[in-house]
>>> print(open('structure.cif').read())   # mmCIF, C-alpha atoms
data_structure
#
loop_
_atom_site.group_PDB
_atom_site.id
_atom_site.type_symbol
_atom_site.label_atom_id
_atom_site.label_comp_id
_atom_site.auth_asym_id
_atom_site.auth_seq_id
_atom_site.Cartn_x
_atom_site.Cartn_y
_atom_site.Cartn_z
ATOM 1 C CA MET A 1 13.188 -48.679 2.881
ATOM 2 C CA SER A 2 12.510 -44.990 3.519
ATOM 3 C CA LYS A 3 10.684 -44.073 6.722
ATOM 4 C CA ASP A 4 9.928 -40.583 5.433
ATOM 5 C CA ARG A 5 6.295 -39.624 5.554
ATOM 6 C CA ILE A 6 3.967 -36.667 5.722
ATOM 7 C CA ILE A 7 0.732 -36.195 7.643
ATOM 8 C CA ARG A 8 -1.936 -33.512 7.322
ATOM 9 C CA CYS A 9 -4.280 -32.645 10.182
ATOM 10 C CA ILE A 10 -7.117 -30.171 10.676
ATOM 11 C CA THR A 11 -8.904 -28.861 13.738
ATOM 12 C CA SER A 12 -12.437 -30.236 14.091
ATOM 13 C CA ASP A 13 -13.868 -26.719 13.604
ATOM 14 C CA GLY A 14 -12.034 -26.425 10.260
ATOM 15 C CA ALA A 15 -10.133 -23.321 11.364
ATOM 16 C CA VAL A 16 -6.503 -24.501 11.308
ATOM 17 C CA MET A 17 -4.532 -26.984 9.212
ATOM 18 C CA ALA A 18 -1.158 -28.450 10.185
ATOM 19 C CA CYS A 19 1.159 -30.556 8.085
ATOM 20 C CA ALA A 20 4.276 -32.320 9.427
ATOM 21 C CA ALA A 21 6.888 -34.164 7.387
ATOM 22 C CA ASP A 22 9.866 -36.345 8.237
ATOM 23 C CA THR A 23 12.236 -35.967 5.275
ATOM 24 C CA THR A 24 15.420 -37.383 6.822
ATOM 25 C CA ASP A 25 16.027 -40.143 4.269
ATOM 26 C CA LEU A 26 15.262 -38.116 1.158
ATOM 27 C CA VAL A 27 17.428 -35.193 2.304
ATOM 28 C CA TYR A 28 20.241 -37.642 3.123
ATOM 29 C CA LYS A 29 19.938 -39.138 -0.361
ATOM 30 C CA GLY A 30 19.886 -35.724 -2.042
ATOM 31 C CA ALA A 31 23.001 -34.603 -0.153
ATOM 32 C CA ARG A 32 24.906 -37.796 -0.983
ATOM 33 C CA LEU A 33 23.859 -37.641 -4.623
ATOM 34 C CA HIS A 34 24.939 -34.035 -5.130
ATOM 35 C CA LEU A 35 27.997 -34.080 -2.813
ATOM 36 C CA THR A 36 26.839 -30.912 -1.106
ATOM 37 C CA SER A 37 28.864 -28.878 1.389
ATOM 38 C CA PRO A 38 27.301 -28.604 4.877
ATOM 39 C CA VAL A 39 25.542 -25.293 4.189
ATOM 40 C CA ALA A 40 24.388 -26.436 0.730
ATOM 41 C CA THR A 41 23.000 -29.593 2.379
ATOM 42 C CA ALA A 42 20.997 -27.462 4.808
ATOM 43 C CA ALA A 43 19.678 -25.189 2.053
ATOM 44 C CA LEU A 44 18.754 -28.064 -0.250
ATOM 45 C CA GLY A 45 17.248 -30.062 2.619
ATOM 46 C CA ARG A 46 15.046 -27.192 3.731
ATOM 47 C CA LEU A 47 13.784 -26.542 0.203
ATOM 48 C CA LEU A 48 13.198 -30.274 -0.493
ATOM 49 C CA THR A 49 11.143 -30.427 2.709
ATOM 50 C CA ALA A 50 9.121 -27.330 1.784
ATOM 51 C CA ALA A 51 8.440 -28.798 -1.661
ATOM 52 C CA ALA A 52 7.347 -32.117 -0.111
ATOM 53 C CA ILE A 53 4.841 -30.315 2.117
ATOM 54 C CA MET A 54 3.496 -28.161 -0.719
ATOM 55 C CA GLY A 55 3.312 -31.179 -3.042
ATOM 56 C CA ALA A 56 1.147 -33.026 -0.506
ATOM 57 C CA GLN A 57 -1.437 -30.248 -0.766
ATOM 58 C CA LEU A 58 -1.939 -30.858 -4.488
ATOM 59 C CA LYS A 59 -5.031 -32.907 -5.288
ATOM 60 C CA GLN A 60 -4.529 -33.821 -8.968
ATOM 61 C CA ASP A 61 -2.639 -37.051 -9.777
ATOM 62 C CA ASP A 62 -0.272 -35.427 -12.286
ATOM 63 C CA ALA A 63 0.276 -32.198 -10.344
ATOM 64 C CA SER A 64 3.687 -30.965 -9.212
ATOM 65 C CA VAL A 65 5.219 -27.946 -7.520
ATOM 66 C CA THR A 66 8.629 -26.463 -8.286
ATOM 67 C CA LEU A 67 10.391 -24.138 -5.848
ATOM 68 C CA ARG A 68 13.353 -22.070 -7.012
ATOM 69 C CA ILE A 69 15.343 -19.754 -4.771
ATOM 70 C CA LYS A 70 17.933 -17.474 -6.322
ATOM 71 C CA GLY A 71 19.555 -15.010 -3.976
ATOM 72 C CA ASP A 72 21.465 -11.914 -4.969
ATOM 73 C CA ASN A 73 25.230 -12.592 -4.729
ATOM 74 C CA SER A 74 24.334 -16.151 -3.760
ATOM 75 C CA GLU A 75 27.114 -18.628 -2.969
ATOM 76 C CA THR A 76 24.839 -21.612 -3.538
ATOM 77 C CA GLY A 77 23.535 -20.237 -6.826
ATOM 78 C CA ALA A 78 19.977 -21.308 -7.557
ATOM 79 C CA VAL A 79 18.482 -23.936 -5.246
ATOM 80 C CA ILE A 80 15.656 -25.935 -6.835
ATOM 81 C CA ALA A 81 13.236 -28.527 -5.463
ATOM 82 C CA VAL A 82 10.359 -30.338 -7.175
ATOM 83 C CA ALA A 83 7.646 -32.482 -5.591
ATOM 84 C CA ASP A 84 4.549 -34.149 -6.947
ATOM 85 C CA SER A 85 1.255 -35.136 -5.370
ATOM 86 C CA LYS A 86 2.440 -38.745 -4.978
ATOM 87 C CA GLY A 87 5.305 -37.942 -2.580
ATOM 88 C CA ASN A 88 8.174 -37.979 -5.093
ATOM 89 C CA VAL A 89 10.696 -35.244 -4.307
ATOM 90 C CA LYS A 90 13.916 -34.164 -6.055
ATOM 91 C CA GLY A 91 16.205 -31.155 -6.229
ATOM 92 C CA TYR A 92 19.673 -29.744 -6.712
ATOM 93 C CA VAL A 93 21.972 -26.855 -5.843
ATOM 94 C CA GLN A 94 23.698 -24.952 -8.636
ATOM 95 C CA ASN A 95 26.953 -24.682 -6.636
ATOM 96 C CA PRO A 96 26.856 -27.739 -4.354
ATOM 97 C CA ASP A 97 30.376 -27.304 -2.970
ATOM 98 C CA CYS A 98 29.906 -23.663 -1.902
ATOM 99 C CA PRO A 99 31.798 -22.519 1.232
ATOM 100 C CA THR A 100 30.223 -23.031 4.649
ATOM 101 C CA GLU A 101 30.038 -20.352 7.310
ATOM 102 C CA TYR A 102 28.539 -20.521 10.809
ATOM 103 C CA TYR A 103 26.761 -18.124 13.145
ATOM 104 C CA PRO A 104 28.485 -17.491 16.505
ATOM 105 C CA SER A 105 25.958 -19.941 17.976
ATOM 106 C CA GLY A 106 27.452 -22.690 15.816
ATOM 107 C CA LYS A 107 24.426 -22.938 13.514
ATOM 108 C CA LEU A 108 24.927 -22.991 9.753
ATOM 109 C CA ASN A 109 24.580 -19.577 8.130
ATOM 110 C CA VAL A 110 22.179 -20.594 5.388
ATOM 111 C CA ALA A 111 21.086 -17.012 4.702
ATOM 112 C CA LYS A 112 24.664 -15.965 3.865
ATOM 113 C CA ALA A 113 25.033 -18.838 1.376
ATOM 114 C CA VAL A 114 21.589 -18.543 -0.216
ATOM 115 C CA GLY A 115 21.423 -14.750 -0.175
ATOM 116 C CA ARG A 116 19.288 -12.593 2.099
ATOM 117 C CA THR A 117 17.721 -10.813 -0.868
ATOM 118 C CA GLY A 118 16.578 -12.267 -4.167
ATOM 119 C CA ILE A 119 13.597 -14.175 -5.530
ATOM 120 C CA LEU A 120 11.517 -17.208 -4.557
ATOM 121 C CA ASN A 121 9.585 -18.682 -7.479
ATOM 122 C CA VAL A 122 6.754 -21.150 -6.926
ATOM 123 C CA MET A 123 5.345 -22.954 -9.952
ATOM 124 C CA ARG A 124 2.377 -25.303 -9.638
ATOM 125 C CA ASP A 125 1.764 -27.494 -12.665
ATOM 126 C CA TYR A 126 -1.598 -29.251 -12.609
ATOM 127 C CA GLY A 127 -0.933 -31.143 -15.843
ATOM 128 C CA THR A 128 -3.865 -29.445 -17.544
ATOM 129 C CA GLY A 129 -2.353 -26.476 -19.362
ATOM 130 C CA GLU A 130 -0.474 -23.399 -18.278
ATOM 131 C CA PRO A 131 1.077 -23.733 -14.803
ATOM 132 C CA TYR A 132 0.388 -21.232 -12.032
ATOM 133 C CA VAL A 133 3.493 -19.181 -11.211
ATOM 134 C CA GLY A 134 3.988 -17.054 -8.105
ATOM 135 C CA GLN A 135 7.015 -14.942 -7.226
ATOM 136 C CA VAL A 136 8.043 -13.061 -4.098
ATOM 137 C CA GLN A 137 11.129 -11.304 -2.827
ATOM 138 C CA LEU A 138 13.258 -13.170 -0.296
ATOM 139 C CA ILE A 139 12.996 -11.694 3.176
ATOM 140 C CA SER A 140 15.724 -13.647 4.981
ATOM 141 C CA GLY A 141 17.290 -16.422 2.874
ATOM 142 C CA GLU A 142 16.695 -18.848 5.754
ATOM 143 C CA ILE A 143 13.965 -20.432 3.549
ATOM 144 C CA ALA A 144 11.268 -21.172 6.169
ATOM 145 C CA GLU A 145 10.578 -17.454 6.629
ATOM 146 C CA ASP A 146 10.560 -17.029 2.862
ATOM 147 C CA ILE A 147 7.951 -19.780 2.432
ATOM 148 C CA THR A 148 5.855 -18.133 5.175
ATOM 149 C CA ASN A 149 6.125 -14.810 3.360
ATOM 150 C CA TYR A 150 5.175 -16.437 0.031
ATOM 151 C CA TYR A 151 1.888 -17.735 1.439
ATOM 152 C CA ALA A 152 1.084 -14.419 3.135
ATOM 153 C CA THR A 153 1.991 -12.278 0.120
ATOM 154 C CA SER A 154 1.063 -14.371 -2.906
ATOM 155 C CA GLU A 155 -1.838 -16.446 -1.571
ATOM 156 C CA GLN A 156 -3.048 -14.365 1.390
ATOM 157 C CA ILE A 157 -2.960 -17.409 3.708
ATOM 158 C CA PRO A 158 -1.627 -16.701 7.232
ATOM 159 C CA THR A 159 1.074 -19.356 7.619
ATOM 160 C CA VAL A 160 3.841 -20.490 9.916
ATOM 161 C CA CYS A 161 6.575 -22.653 8.388
ATOM 162 C CA ALA A 162 9.367 -24.436 10.252
ATOM 163 C CA LEU A 163 12.102 -26.345 8.410
ATOM 164 C CA GLY A 164 15.085 -28.117 9.928
ATOM 165 C CA VAL A 165 18.130 -30.124 8.852
ATOM 166 C CA LEU A 166 20.499 -31.496 11.495
ATOM 167 C CA LEU A 167 23.994 -32.582 10.424
ATOM 168 C CA ASP A 168 26.580 -34.681 12.216
ATOM 169 C CA LYS A 169 29.253 -32.319 13.563
ATOM 170 C CA GLU A 170 32.086 -34.636 12.471
ATOM 171 C CA ASP A 171 31.241 -35.995 9.014
ATOM 172 C CA HIS A 172 28.412 -33.533 8.157
ATOM 173 C CA GLN A 173 26.033 -36.344 7.169
ATOM 174 C CA VAL A 174 22.293 -35.716 7.512
ATOM 175 C CA LEU A 175 21.014 -37.002 10.858
ATOM 176 C CA LEU A 176 17.494 -35.552 10.857
ATOM 177 C CA ALA A 177 15.353 -33.407 8.571
ATOM 178 C CA GLY A 178 11.733 -32.355 8.590
ATOM 179 C CA GLY A 179 9.226 -29.566 8.427
ATOM 180 C CA LEU A 180 5.979 -28.211 9.816
ATOM 181 C CA LEU A 181 3.410 -25.968 8.143
ATOM 182 C CA ILE A 182 0.528 -24.375 10.065
ATOM 183 C CA GLN A 183 -2.147 -22.423 8.174
ATOM 184 C CA LEU A 184 -5.163 -20.446 9.339
ATOM 185 C CA LEU A 185 -8.256 -21.222 7.293
ATOM 186 C CA PRO A 186 -11.199 -18.861 6.626
ATOM 187 C CA GLY A 187 -13.056 -20.072 9.769
ATOM 188 C CA ALA A 188 -10.317 -18.871 12.149
ATOM 189 C CA THR A 189 -11.484 -16.422 14.849
ATOM 190 C CA GLU A 190 -9.358 -13.935 16.775
ATOM 191 C CA ALA A 191 -9.364 -16.342 19.713
ATOM 192 C CA THR A 192 -8.111 -19.136 17.433
ATOM 193 C CA ILE A 193 -5.349 -16.898 16.098
ATOM 194 C CA ASP A 194 -4.238 -15.938 19.614
ATOM 195 C CA HIS A 195 -4.186 -19.600 20.685
ATOM 196 C CA ILE A 196 -2.125 -20.688 17.639
ATOM 197 C CA GLU A 197 0.333 -17.823 18.171
ATOM 198 C CA LYS A 198 0.826 -19.007 21.773
ATOM 199 C CA ASN A 199 1.375 -22.606 20.593
ATOM 200 C CA VAL A 200 3.871 -21.496 17.938
ATOM 201 C CA ALA A 201 5.828 -19.444 20.487
ATOM 202 C CA GLU A 202 6.210 -22.584 22.626
ATOM 203 C CA LEU A 203 7.183 -24.944 19.799
ATOM 204 C CA GLU A 204 10.654 -26.451 19.856
ATOM 205 C CA PRO A 205 12.752 -26.553 16.658
ATOM 206 C CA MET A 206 11.667 -29.251 14.205
ATOM 207 C CA THR A 207 14.880 -31.278 14.541
ATOM 208 C CA THR A 208 14.612 -31.146 18.347
ATOM 209 C CA MET A 209 11.130 -32.672 18.171
ATOM 210 C CA LEU A 210 12.387 -35.334 15.757
ATOM 211 C CA ALA A 211 15.378 -36.081 17.994
ATOM 212 C CA LYS A 212 12.984 -36.670 20.881
ATOM 213 C CA GLY A 213 11.312 -39.367 18.797
ATOM 214 C CA MET A 214 8.081 -37.448 18.306
ATOM 215 C CA SER A 215 5.897 -38.833 15.516
ATOM 216 C CA MET A 216 4.339 -36.641 12.844
ATOM 217 C CA GLU A 217 1.009 -36.974 14.698
ATOM 218 C CA ASP A 218 2.689 -35.852 17.943
ATOM 219 C CA ILE A 219 4.167 -32.811 16.222
ATOM 220 C CA CYS A 220 0.845 -31.786 14.626
ATOM 221 C CA LYS A 221 -1.010 -32.254 17.930
ATOM 222 C CA THR A 222 1.617 -30.171 19.738
ATOM 223 C CA ALA A 223 1.219 -27.389 17.170
ATOM 224 C CA LEU A 224 -2.574 -27.609 17.534
ATOM 225 C CA LYS A 225 -2.608 -28.097 21.330
ATOM 226 C CA GLY A 226 -5.954 -27.112 22.826
ATOM 227 C CA PHE A 227 -7.911 -28.051 19.692
ATOM 228 C CA GLU A 228 -9.685 -31.232 18.687
ATOM 229 C CA VAL A 229 -7.568 -32.648 15.839
ATOM 230 C CA GLU A 230 -8.539 -34.901 12.939
ATOM 231 C CA VAL A 231 -6.050 -36.571 10.596
ATOM 232 C CA LEU A 232 -6.857 -35.708 6.972
ATOM 233 C CA ASP A 233 -4.357 -38.022 5.295
ATOM 234 C CA GLU A 234 -0.819 -39.359 5.410
ATOM 235 C CA SER A 235 1.530 -40.653 2.745
ATOM 236 C CA PRO A 236 5.142 -41.791 2.241
ATOM 237 C CA LEU A 237 7.848 -39.509 0.813
ATOM 238 C CA ARG A 238 10.903 -40.460 -1.236
ATOM 239 C CA TYR A 239 13.696 -38.911 -3.276
ATOM 240 C CA ALA A 240 12.816 -39.961 -6.819
ATOM 241 C CA CYS A 241 13.527 -38.612 -10.302
ATOM 242 C CA SER A 242 11.235 -38.977 -13.298
ATOM 243 C CA CYS A 243 13.877 -38.368 -15.958
ATOM 244 C CA SER A 244 13.843 -40.736 -18.946
ATOM 245 C CA ARG A 245 15.436 -41.225 -22.331
ATOM 246 C CA ASP A 246 12.120 -40.384 -24.002
ATOM 247 C CA LYS A 247 11.915 -37.018 -22.230
ATOM 248 C CA ILE A 248 15.419 -36.136 -23.423
ATOM 249 C CA ILE A 249 14.503 -37.097 -26.993
ATOM 250 C CA ASP A 250 11.438 -34.838 -26.683
ATOM 251 C CA ALA A 251 13.829 -31.999 -25.803
ATOM 252 C CA PHE A 252 16.152 -32.855 -28.712
ATOM 253 C CA VAL A 253 13.361 -32.682 -31.296
ATOM 254 C CA THR A 254 12.773 -29.022 -30.456
ATOM 255 C CA LEU A 255 16.209 -28.307 -32.004
ATOM 256 C CA LYS A 256 17.146 -27.899 -35.655
ATOM 257 C CA ASP A 257 18.726 -30.872 -37.456
ATOM 258 C CA ASP A 258 22.237 -29.388 -37.420
ATOM 259 C CA GLU A 259 21.898 -28.505 -33.741
ATOM 260 C CA ILE A 260 21.017 -32.132 -32.935
ATOM 261 C CA ARG A 261 24.065 -33.376 -34.916
ATOM 262 C CA ALA A 262 26.279 -30.846 -33.095
ATOM 263 C CA LEU A 263 25.374 -32.444 -29.748
ATOM 264 C CA ALA A 264 27.817 -35.286 -30.486
ATOM 265 C CA ASP A 265 31.298 -34.664 -29.053
ATOM 266 C CA GLU A 266 34.687 -35.727 -30.382
ATOM 267 C CA LYS A 267 34.081 -39.214 -28.983
ATOM 268 C CA GLY A 268 31.111 -39.606 -31.273
ATOM 269 C CA TYR A 269 28.168 -39.410 -28.885
ATOM 270 C CA ALA A 270 25.948 -36.931 -27.074
ATOM 271 C CA GLU A 271 25.601 -37.215 -23.316
ATOM 272 C CA ALA A 272 22.795 -35.700 -21.268
ATOM 273 C CA ILE A 273 23.175 -35.691 -17.475
ATOM 274 C CA CYS A 274 20.081 -35.188 -15.327
ATOM 275 C CA HIS A 275 20.463 -32.291 -12.854
ATOM 276 C CA PHE A 276 18.310 -34.073 -10.284
ATOM 277 C CA CYS A 277 19.638 -37.654 -10.203
ATOM 278 C CA LYS A 278 22.986 -37.441 -12.077
ATOM 279 C CA LYS A 279 21.927 -40.241 -14.427
ATOM 280 C CA LYS A 280 23.752 -40.169 -17.779
ATOM 281 C CA HIS A 281 21.895 -40.752 -21.035
ATOM 282 C CA ARG A 282 24.119 -41.360 -24.075
ATOM 283 C CA PHE A 283 23.187 -41.111 -27.746
ATOM 284 C CA SER A 284 25.450 -42.235 -30.597
ATOM 285 C CA LYS A 285 25.660 -40.309 -33.874
ATOM 286 C CA ALA A 286 23.523 -43.007 -35.485
ATOM 287 C CA GLN A 287 20.895 -42.593 -32.768
ATOM 288 C CA LEU A 288 20.924 -38.828 -33.242
ATOM 289 C CA GLU A 289 20.353 -39.328 -36.975
ATOM 290 C CA GLN A 290 17.450 -41.647 -36.160
ATOM 291 C CA ILE A 291 15.950 -38.937 -33.940
ATOM 292 C CA ILE A 292 16.270 -36.448 -36.820
ATOM 293 C CA ARG A 293 14.598 -38.848 -39.275
ATOM 294 C CA GLN A 294 11.741 -39.536 -36.881
ATOM 295 C CA LYS A 295 11.306 -35.825 -36.152
ATOM 296 C CA ASN A 296 11.117 -34.967 -39.843
ATOM 297 C CA ALA A 297 8.743 -37.855 -40.544
ATOM 298 C CA ASP A 298 6.437 -36.680 -37.767
ATOM 299 C CA THR A 299 6.555 -33.131 -39.155
ATOM 300 C CA GLU A 300 5.564 -34.324 -42.634
ATOM 301 C CA ASN A 301 2.636 -36.262 -41.247
#
>>> encode(input="structure.cif", output="structure tokens")
Amino acid sequence: MSKDRIIRCITSDGAVMACAADTTDLVYKGARLHLTSPVATAALGRLLTAAAIMGAQLKQDDASVTLRIKGDNSETGAVIAVADSKGNVKGYVQNPDCPTEYYPSGKLNVAKAVGRTGILNVMRDYGTGEPYVGQVQLISGEIAEDITNYYATSEQIPTVCALGVLLDKEDHQVLLAGGLLIQLLPGATEATIDHIEKNVAELEPMTTMLAKGMSMEDICKTALKGFEVEVLDESPLRYACSCSRDKIIDAFVTLKDDEIRALADEKGYAEAICHFCKKKHRFSKAQLEQIIRQKNADTEN
């Protein structure tokens, strides 16, 4: 049973919002599923955590957010994470076994692997038509700074984002993962801003706070020290994929008849593998023909 959860708090004067998430289990599952190298684990874990936090801010039941980072000359290739408003999170790295390099301090050099320049895409789909798409240039490739820059540039919301993934030094398994987002709301005064800046300067790294056993409430209250804090909501998080056979068939029917038939290999079946969960969906030639017949029947009607 996953212990991952997210909590959102607000100051009683409505000036500052803080959101803290423990994503240890879901990042562990994502890394195991995709067999990621240490630096790819860190990159994927940070982006999964950012997506989880941004997904929790969506109000609509069918809403989701997709984050895609593609750095120039990136070793990881594209890193993608998707989260919905119900706490379901998934993602993958294009090159999961990319080489791992370290800073002299011993910390993983995520920026080198992801790319210090490139693009961060944010797509919010509210399930009611065209999704909202935002795009900003990467400013560091360390991901947390890039999320901060996205909010400042694309949404004009002063934001501080902290993301952390701690790996075992021997076997590189995920030990801890989590994130914190602090945002100034329209009611923030100069005094409030100064106070939050002081709090942020004193904050320990996210994984340090988790290692100390601090709860999500503890972390939010530390970030908002000196303010009266109210809990807005909290919810569980999990690594979960929504892929299905029906969704793959929906993709198939967008193809021409001959293109659908050509999906079958020399063994006589088509196989679709989900990027997010690695699940394999197989279709025999007879099943492909059935899809073609149904597609054509639907077109005639």
>>> resolve_selection(input="structure.cif", expression="the PyMOL selection byres ((chain A and resi 133) around 12)", output="PyMOL selection string")
chain A and resi 64-68+120-126+130-132+134-136+150+154-155
>>> residues_around(input="structure.cif", residues="range 188-196 of chain A", least_positions_apart="6", cutoff="10 Å", atoms="all atoms listed in the file", output="PyMOL selection string")
chain A and resi 13-16+158+160+182+202+223-227
>>> write_last_selection(input="structure.cif", atoms="C-alpha atoms", output="PDB file, keeping the file's coordinate frame")
ATOM      1  CA  ASP A  13     -13.868 -26.719  13.604  1.00  0.00           C
ATOM      2  CA  GLY A  14     -12.034 -26.425  10.260  1.00  0.00           C
ATOM      3  CA  ALA A  15     -10.133 -23.321  11.364  1.00  0.00           C
ATOM      4  CA  VAL A  16      -6.503 -24.501  11.308  1.00  0.00           C
ATOM      5  CA  PRO A 158      -1.627 -16.701   7.232  1.00  0.00           C
ATOM      6  CA  VAL A 160       3.841 -20.490   9.916  1.00  0.00           C
ATOM      7  CA  ILE A 182       0.528 -24.375  10.065  1.00  0.00           C
ATOM      8  CA  GLU A 202       6.210 -22.584  22.626  1.00  0.00           C
ATOM      9  CA  ALA A 223       1.219 -27.389  17.170  1.00  0.00           C
ATOM     10  CA  LEU A 224      -2.574 -27.609  17.534  1.00  0.00           C
ATOM     11  CA  LYS A 225      -2.608 -28.097  21.330  1.00  0.00           C
ATOM     12  CA  GLY A 226      -5.954 -27.112  22.826  1.00  0.00           C
ATOM     13  CA  PHE A 227      -7.911 -28.051  19.692  1.00  0.00           C
TER      14      PHE A 227
END
>>> resolve_selection(input="structure.cif", expression="the PyMOL selection byres ((chain A and resi 141) around 9)", output="PDB file with C-alpha atoms, in the coordinates of the input")
ATOM      1  CA  ILE A  69      15.343 -19.754  -4.771  1.00  0.00           C
ATOM      2  CA  GLY A  71      19.555 -15.010  -3.976  1.00  0.00           C
ATOM      3  CA  VAL A 110      22.179 -20.594   5.388  1.00  0.00           C
ATOM      4  CA  ALA A 111      21.086 -17.012   4.702  1.00  0.00           C
ATOM      5  CA  LYS A 112      24.664 -15.965   3.865  1.00  0.00           C
ATOM      6  CA  ALA A 113      25.033 -18.838   1.376  1.00  0.00           C
ATOM      7  CA  VAL A 114      21.589 -18.543  -0.216  1.00  0.00           C
ATOM      8  CA  GLY A 115      21.423 -14.750  -0.175  1.00  0.00           C
ATOM      9  CA  ARG A 116      19.288 -12.593   2.099  1.00  0.00           C
ATOM     10  CA  THR A 117      17.721 -10.813  -0.868  1.00  0.00           C
ATOM     11  CA  GLY A 118      16.578 -12.267  -4.167  1.00  0.00           C
ATOM     12  CA  LEU A 138      13.258 -13.170  -0.296  1.00  0.00           C
ATOM     13  CA  ILE A 139      12.996 -11.694   3.176  1.00  0.00           C
ATOM     14  CA  SER A 140      15.724 -13.647   4.981  1.00  0.00           C
ATOM     15  CA  GLU A 142      16.695 -18.848   5.754  1.00  0.00           C
ATOM     16  CA  ILE A 143      13.965 -20.432   3.549  1.00  0.00           C
ATOM     17  CA  ALA A 144      11.268 -21.172   6.169  1.00  0.00           C
ATOM     18  CA  GLU A 145      10.578 -17.454   6.629  1.00  0.00           C
ATOM     19  CA  ASP A 146      10.560 -17.029   2.862  1.00  0.00           C
TER      20      ASP A 146
END
>>> residues_around(input="structure.cif", residues="Ala297 in chain A", least_positions_apart="6", cutoff="12 Å", atoms="all atoms listed in the file", output="JSON list (two decimals) with C-alpha atoms, in the frame of the given file")
[["chain", "number", "residue", "atom", "x", "y", "z"],
["A", 253, "VAL", "CA", 13.36, -32.68, -31.30],
["A", 290, "GLN", "CA", 17.45, -41.65, -36.16],
["A", 291, "ILE", "CA", 15.95, -38.94, -33.94]]
>>> atom_distance(input="structure.cif", atom1="CA of Gly178 in chain A", atom2="CA of Asn73 in chain A")
27.4 Å
>>> closest_residue(input="structure.cif", among="A:Ile6, A:Val174, A:Ala240, A:Ala20", to="Thr222 in chain A", atoms="only C-alpha atoms")
A:Ala20
>>> residues_around(input="structure.cif", residues="Thr208 in chain A", least_positions_apart="4", cutoff="12 Å", atoms="only C-alpha atoms", output="list in words")
Ala162, Leu163, Gly164, Val165, Leu166, Leu175, Leu176, Ala177, Gly178, Gly179, Leu203, Glu204, Lys212, Gly213, Met214, Ser215 and Ile219 of chain A
>>> closest_atom_pairs(input="structure.cif", of="range 257-296 of chain A", to="range 21-41 of chain A", cutoff="12 Å", atoms="all atoms listed in the file", output="CSV")
residue,atom,partner,partner_atom,distance
A:Cys274,CA,A:His34,CA,11.4
A:His275,CA,A:His34,CA,9.1
A:Phe276,CA,A:His34,CA,8.4
A:Cys277,CA,A:Leu33,CA,7.0
A:Lys278,CA,A:Leu33,CA,7.5
A:Lys279,CA,A:Leu33,CA,10.3
>>> closest_atom_pairs(input="structure.cif", of="range 165-258 of chain A", to="range 52-62 of chain A", cutoff="9 Å", atoms="only C-alpha atoms", output="tab-separated table")
residue	atom	partner	partner_atom	distance
A:Gly179	CA	A:Ile53	CA	7.7
A:Leu180	CA	A:Ile53	CA	8.1
A:Leu181	CA	A:Ile53	CA	7.6
A:Glu234	CA	A:Ala56	CA	8.9
A:Ser235	CA	A:Ala56	CA	8.3
A:Leu237	CA	A:Ala52	CA	7.5
>>> resolve_selection(input="structure.cif", expression="the PyMOL selection byres ((chain A and resi 12) around 7)", output="list in words")
Ile10, Thr11, Asp13, Gly14, Glu228, Val229 and Glu230 of chain A
>>> closest_residue(input="structure.cif", among="A:Cys19, A:Cys98, A:Leu185, A:Ala272", to="Lys247 in chain A", atoms="all atoms listed in the file")
A:Ala272
